[in-house]
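Beneath this line is the structure, given in C-alpha cells, with notes to follow.
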Amino acid sequence: MREYSPDLTPQWKRAKAVPEVPADPGLVVEVAGTDFCGAVVACEAGTVTLEDRFRKRRVFPLEPRGFLLEGAVVTLTRPSRAPAAPARTASGSVAVPGARARVARAGRIYVEGRHDAELVERVWGDDLRIEGVVVEYLEGIDDLAAVVAEFAPGPDARLGVLVDHLVPGSKESRIAASVTSPDVLVVGHPYVDVWQAVKPSALGIAAWPRVPRGQDWKTGVCRALGWPEHTGAAWQHILSRVTSYRDLEPTLLGRVEELIDFVTAP
C-alpha cells in the first residue's frame, strides 16, 4: 500500500493556479512586468506575437503567468486551431471585438469642414471611439487663434488641428504659425481640399482635374469630370468609394495618425 506523503510546503510559498487562455487572434493582453499591451496576431511553438495600437509588433515567449488579461494574471496557450488573420479596422489597426467606446477625453481633434470630419470618421472611427477622441469641424480656420484660446488646451486636454492646403507661403501656413502652445499640434496636407486626399484610383479616374484659379474648386471638379454640379452629392459619391486607409493618400494618413497619437499621449 502506497504511503501518503502530505505536501508540507507553506501555503504562502505555493504558486497559485492561474487561468489558461488560448492565444486567439485579436485577444488583447498586457505583458507582465512591462508596459507593452497588444493584440495577438500570431502564435507559434513557444511564442506569441503581439501588435500594439501603433502597429509595432513584438514576439514574447509563452511563459506561465506571463501575461495580464483585463488586469488578471493568465497563462497563454496555443489556440486549439490554426489562427486566422485578425480582423482589421478601416485604418488598418487590429480590430477589438466587443470593445466598448471609451468616455470622451478632454482633448479634441479639429478639422476644417464637414467633409474632413466625415472622411476621418469613415477610416478612423473605430480607433477614435476606443481612444475616446472626439473630432469636430470648424468651417474654416480663419479664427483658429481665437478657437484655440477658447478651448484653453493643457497637458490633460491637448488639441490637434488638421488643416487643408498647409503649404509654405499659403494663408493657411501663416494662420497655423500663429498657434504656439505646446499642447496644440497643427498639421496639414498639401491638397486644396480633402477630396484630393482620396486616391484617384479609388474613384476610377486617372487623376484629379486641374481647376483654373478663380473658379470654385469643387464645382470645377464636378464640371471637368462630367458629374452633376451638386457638390454635396459628389462628395457622397467620393466618400462611398472609401473603404479603408488604402483608398487615401499617405500624406493624409500620416497626419491623422500623428494627431491621434498627440491627443492620446500620456
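Each chain in the C-alpha cells gets a letter, A, B, ..., in the order shown, and its residues are numbered from 1; ligands are numbered from 1 in order too.
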
List every residue of region 163-202 of chain A that has an atom at most 10 Å from any atom of region 145-159 of chain A, giving for each one its closest atom pair and the distance in Å to one decimal, counting only C-alpha atoms, sorted by chain and then by ascending residue number, as a tab-separated table.
residue	atom	partner	partner_atom	distance
A:Ile175	CA	A:Ala145	CA	7.7
A:Ala176	CA	A:Ala145	CA	8.4
A:Ala177	CA	A:Ala145	CA	9.7
A:Ser178	CA	A:Ala145	CA	6.8
A:Val179	CA	A:Ala145	CA	6.1
A:Thr180	CA	A:Ala145	CA	9.4
A:Ser181	CA	A:Pro153	CA	7.9
A:Pro182	CA	A:Gly154	CA	8.3
A:Asp183	CA	A:Arg158	CA	5.1
A:Val184	CA	A:Leu159	CA	4.8
A:Leu185	CA	A:Leu159	CA	6.5
A:Val186	CA	A:Leu159	CA	8.5

DSSP on the backbone: which residues in region 141-176 of chain A end up as helix (DSSP H, G or I)? Give the answer as a VMD selection string. chain A and resid 144 to 151 171 to 176

Could you tell me which of A:Ser93, A:Glu70, A:Leu203, A:Val134 comes closest to His237 (chain A) if we count only C-alpha atoms? A:Leu203

My list of candidates is A:Phe67, A:Trp235, A:Trp217, A:Tyr191. Which is closest to Leu119 (chain A) when distances are computed with only C-alpha atoms? A:Trp235

Among region 75-262 of chain A, which residues does DSSP mark as strand (DSSP E) when it is run on the backbone? Keep the chain and numbering as in the structure and answer as a PyMOL selection string. chain A and resi 75-77+108-111+134-137+159-163+184-188

Could you save the residues just selected, with all heavy atoms, as a short mmCIF file (atom, residue, chain, number, x, y, z; two decimals), in the first residue's frame?
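Saved as result05.cif:
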data_model
loop_
_atom_site.label_atom_id
_atom_site.label_comp_id
_atom_site.auth_asym_id
_atom_site.auth_seq_id
_atom_site.Cartn_x
_atom_site.Cartn_y
_atom_site.Cartn_z
N THR A 75 -2.00 32.52 -18.09
CA THR A 75 -1.01 31.81 -18.90
C THR A 75 -1.60 31.63 -20.29
O THR A 75 -2.69 31.05 -20.43
CB THR A 75 -0.68 30.44 -18.29
OG1 THR A 75 -0.06 30.63 -17.02
CG2 THR A 75 0.26 29.66 -19.20
N LEU A 76 -0.92 32.16 -21.29
CA LEU A 76 -1.40 31.99 -22.65
C LEU A 76 -0.98 30.62 -23.18
O LEU A 76 0.13 30.15 -22.93
CB LEU A 76 -0.84 33.08 -23.57
CG LEU A 76 -1.38 34.50 -23.39
CD1 LEU A 76 -0.85 35.41 -24.50
CD2 LEU A 76 -2.90 34.54 -23.37
N THR A 77 -1.88 30.01 -23.92
CA THR A 77 -1.60 28.72 -24.55
C THR A 77 -1.85 28.84 -26.04
O THR A 77 -2.54 29.76 -26.50
CB THR A 77 -2.49 27.62 -23.97
OG1 THR A 77 -3.86 27.93 -24.25
CG2 THR A 77 -2.31 27.50 -22.46
N ARG A 108 -9.24 67.09 -28.04
CA ARG A 108 -10.06 67.05 -29.25
C ARG A 108 -9.17 67.10 -30.49
O ARG A 108 -8.02 67.50 -30.44
CB ARG A 108 -11.00 68.27 -29.31
CG ARG A 108 -12.13 68.27 -28.29
CD ARG A 108 -13.20 67.25 -28.64
NE ARG A 108 -14.36 67.36 -27.78
CZ ARG A 108 -14.49 66.78 -26.60
NH1 ARG A 108 -13.50 66.04 -26.13
NH2 ARG A 108 -15.60 66.91 -25.88
N ILE A 109 -9.77 66.70 -31.61
CA ILE A 109 -9.17 66.94 -32.92
C ILE A 109 -10.14 67.82 -33.69
O ILE A 109 -11.32 67.48 -33.80
CB ILE A 109 -8.90 65.63 -33.68
CG1 ILE A 109 -7.78 64.83 -32.99
CG2 ILE A 109 -8.52 65.92 -35.14
CD1 ILE A 109 -7.50 63.48 -33.64
N TYR A 110 -9.64 68.94 -34.19
CA TYR A 110 -10.44 69.84 -35.02
C TYR A 110 -10.02 69.68 -36.47
O TYR A 110 -8.81 69.61 -36.77
CB TYR A 110 -10.24 71.30 -34.61
CG TYR A 110 -10.92 71.71 -33.31
CD1 TYR A 110 -10.58 72.90 -32.68
CD2 TYR A 110 -11.91 70.93 -32.73
CE1 TYR A 110 -11.20 73.29 -31.51
CE2 TYR A 110 -12.54 71.31 -31.56
CZ TYR A 110 -12.17 72.50 -30.95
OH TYR A 110 -12.80 72.88 -29.78
N VAL A 111 -10.99 69.64 -37.37
CA VAL A 111 -10.72 69.64 -38.80
C VAL A 111 -11.46 70.83 -39.40
O VAL A 111 -12.30 71.45 -38.75
CB VAL A 111 -11.15 68.32 -39.46
CG1 VAL A 111 -10.35 67.15 -38.90
CG2 VAL A 111 -12.65 68.07 -39.26
N VAL A 134 -12.83 62.78 -29.73
CA VAL A 134 -13.92 63.40 -30.48
C VAL A 134 -13.33 64.29 -31.57
O VAL A 134 -12.38 65.03 -31.33
CB VAL A 134 -14.83 64.24 -29.56
CG1 VAL A 134 -15.89 64.99 -30.36
CG2 VAL A 134 -15.48 63.33 -28.51
N VAL A 135 -13.90 64.20 -32.78
CA VAL A 135 -13.49 65.04 -33.90
C VAL A 135 -14.59 66.05 -34.17
O VAL A 135 -15.76 65.68 -34.30
CB VAL A 135 -13.21 64.21 -35.16
CG1 VAL A 135 -12.92 65.11 -36.35
CG2 VAL A 135 -12.03 63.26 -34.92
N GLU A 136 -14.23 67.33 -34.25
CA GLU A 136 -15.18 68.39 -34.53
C GLU A 136 -14.69 69.19 -35.73
O GLU A 136 -13.48 69.23 -36.00
CB GLU A 136 -15.35 69.31 -33.33
CG GLU A 136 -15.84 68.60 -32.07
CD GLU A 136 -15.97 69.54 -30.89
OE1 GLU A 136 -15.80 70.77 -31.08
OE2 GLU A 136 -16.22 69.06 -29.77
N TYR A 137 -15.61 69.82 -36.45
CA TYR A 137 -15.18 70.64 -37.59
C TYR A 137 -15.45 72.12 -37.33
O TYR A 137 -16.35 72.48 -36.59
CB TYR A 137 -15.81 70.17 -38.90
CG TYR A 137 -17.31 70.32 -39.02
CD1 TYR A 137 -17.86 71.47 -39.59
CD2 TYR A 137 -18.17 69.31 -38.60
CE1 TYR A 137 -19.23 71.61 -39.72
CE2 TYR A 137 -19.54 69.43 -38.74
CZ TYR A 137 -20.06 70.59 -39.30
OH TYR A 137 -21.42 70.72 -39.44
N LEU A 159 -4.97 69.54 -27.95
CA LEU A 159 -5.77 69.86 -29.13
C LEU A 159 -4.95 69.58 -30.39
O LEU A 159 -3.81 70.05 -30.52
CB LEU A 159 -6.19 71.33 -29.10
CG LEU A 159 -7.03 71.83 -30.29
CD1 LEU A 159 -8.34 71.07 -30.39
CD2 LEU A 159 -7.28 73.33 -30.16
N GLY A 160 -5.54 68.82 -31.30
CA GLY A 160 -4.92 68.59 -32.60
C GLY A 160 -5.77 69.23 -33.68
O GLY A 160 -6.99 69.19 -33.62
N VAL A 161 -5.11 69.84 -34.67
CA VAL A 161 -5.83 70.54 -35.74
C VAL A 161 -5.31 70.06 -37.09
O VAL A 161 -4.10 70.06 -37.33
CB VAL A 161 -5.65 72.07 -35.63
CG1 VAL A 161 -6.50 72.77 -36.69
CG2 VAL A 161 -6.02 72.56 -34.24
N LEU A 162 -6.24 69.64 -37.96
CA LEU A 162 -5.90 69.22 -39.32
C LEU A 162 -6.31 70.32 -40.29
O LEU A 162 -7.48 70.72 -40.33
CB LEU A 162 -6.61 67.92 -39.67
CG LEU A 162 -6.34 67.36 -41.07
CD1 LEU A 162 -4.89 66.90 -41.19
CD2 LEU A 162 -7.29 66.22 -41.38
N VAL A 163 -5.35 70.80 -41.08
CA VAL A 163 -5.56 71.96 -41.95
C VAL A 163 -5.41 71.55 -43.41
O VAL A 163 -4.48 70.83 -43.77
CB VAL A 163 -4.56 73.08 -41.60
CG1 VAL A 163 -4.72 74.26 -42.55
CG2 VAL A 163 -4.75 73.53 -40.16
N VAL A 184 -0.86 72.14 -28.35
CA VAL A 184 -1.61 72.15 -29.61
C VAL A 184 -0.67 71.69 -30.73
O VAL A 184 0.46 72.16 -30.82
CB VAL A 184 -2.16 73.55 -29.94
CG1 VAL A 184 -2.93 73.53 -31.27
CG2 VAL A 184 -3.05 74.05 -28.83
N LEU A 185 -1.16 70.80 -31.56
CA LEU A 185 -0.41 70.35 -32.73
C LEU A 185 -1.24 70.66 -33.96
O LEU A 185 -2.36 70.18 -34.11
CB LEU A 185 -0.11 68.86 -32.66
CG LEU A 185 0.59 68.26 -33.89
CD1 LEU A 185 1.99 68.86 -34.05
CD2 LEU A 185 0.67 66.73 -33.77
N VAL A 186 -0.68 71.51 -34.83
CA VAL A 186 -1.34 71.85 -36.09
C VAL A 186 -0.56 71.19 -37.22
O VAL A 186 0.62 71.47 -37.41
CB VAL A 186 -1.41 73.38 -36.31
CG1 VAL A 186 -2.13 73.68 -37.63
CG2 VAL A 186 -2.11 74.06 -35.14
N VAL A 187 -1.21 70.31 -37.94
CA VAL A 187 -0.59 69.65 -39.09
C VAL A 187 -1.56 69.76 -40.26
O VAL A 187 -2.72 70.12 -40.09
CB VAL A 187 -0.26 68.17 -38.81
CG1 VAL A 187 0.72 68.03 -37.66
CG2 VAL A 187 -1.53 67.37 -38.52
N GLY A 188 -1.08 69.44 -41.45
CA GLY A 188 -1.96 69.54 -42.59
C GLY A 188 -1.48 68.76 -43.78
O GLY A 188 -0.41 68.15 -43.76
#

Using only C-alpha atoms, which residues sit within 9 Å of Gln196 (chain A) once same-chain residues fewer than 6 positions away are excluded, as a list in words?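 Non-adjacent residues within range: Trp208, Leu248 and Glu249 of chain A.
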
Record the distance separating CA of Trp124 (chain A) and CA of Val59 (chain A), expressed in Å with one decimal.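 Calculated distance between CA of Trp124 (chain A) and CA of Val59 (chain A) is 26.4 Å.
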
I need the residue nearest Val194 (chain A) from this list: A:Arg174, A:Lys218, A:Arg223, A:His115. Use only C-alpha atoms for the distance.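 Going through A:Arg174, A:Lys218, A:Arg223, A:His115 one by one, the smallest distance to Val194 (chain A) is for A:His115.
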
Looking at A:Asp24, A:Asp35, A:Glu44, A:Glu118, which one is nearest to Ala87 (chain A), with distances taken over only C-alpha atoms?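 Ranking A:Asp24, A:Asp35, A:Glu44, A:Glu118 by distance to Ala87 (chain A), first place goes to A:Asp24.
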
When you count only C-alpha atoms, which of these residues is closest to Ile260 (chain A): A:Arg65, A:Arg78, A:Arg58, A:Arg105?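 Result for the nearest residue to Ile260 (chain A): A:Arg105.
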
Take CA of Arg88 (chain A) and CA of Leu27 (chain A) and report the distance between them in Å, one decimal.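 We find that CA of Arg88 (chain A) and CA of Leu27 (chain A) lie 12.8 Å from each other.
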
Write out as a ChimeraX atom specification which residues come within 12 Å of Val242 (chain A) when counting only C-alpha atoms, dropping same-chain ones fewer than 2 positions away. /A:90-91,118-124,195,197-204,235-240,244-249

Selected residue of minimal separation from Glu139 (chain A) among A:Asp52, A:Glu229, A:Glu112, A:Asp126, counting only C-alpha atoms: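 Comparing A:Asp52, A:Glu229, A:Glu112, A:Asp126 against Glu139 (chain A), the winner is A:Glu112.
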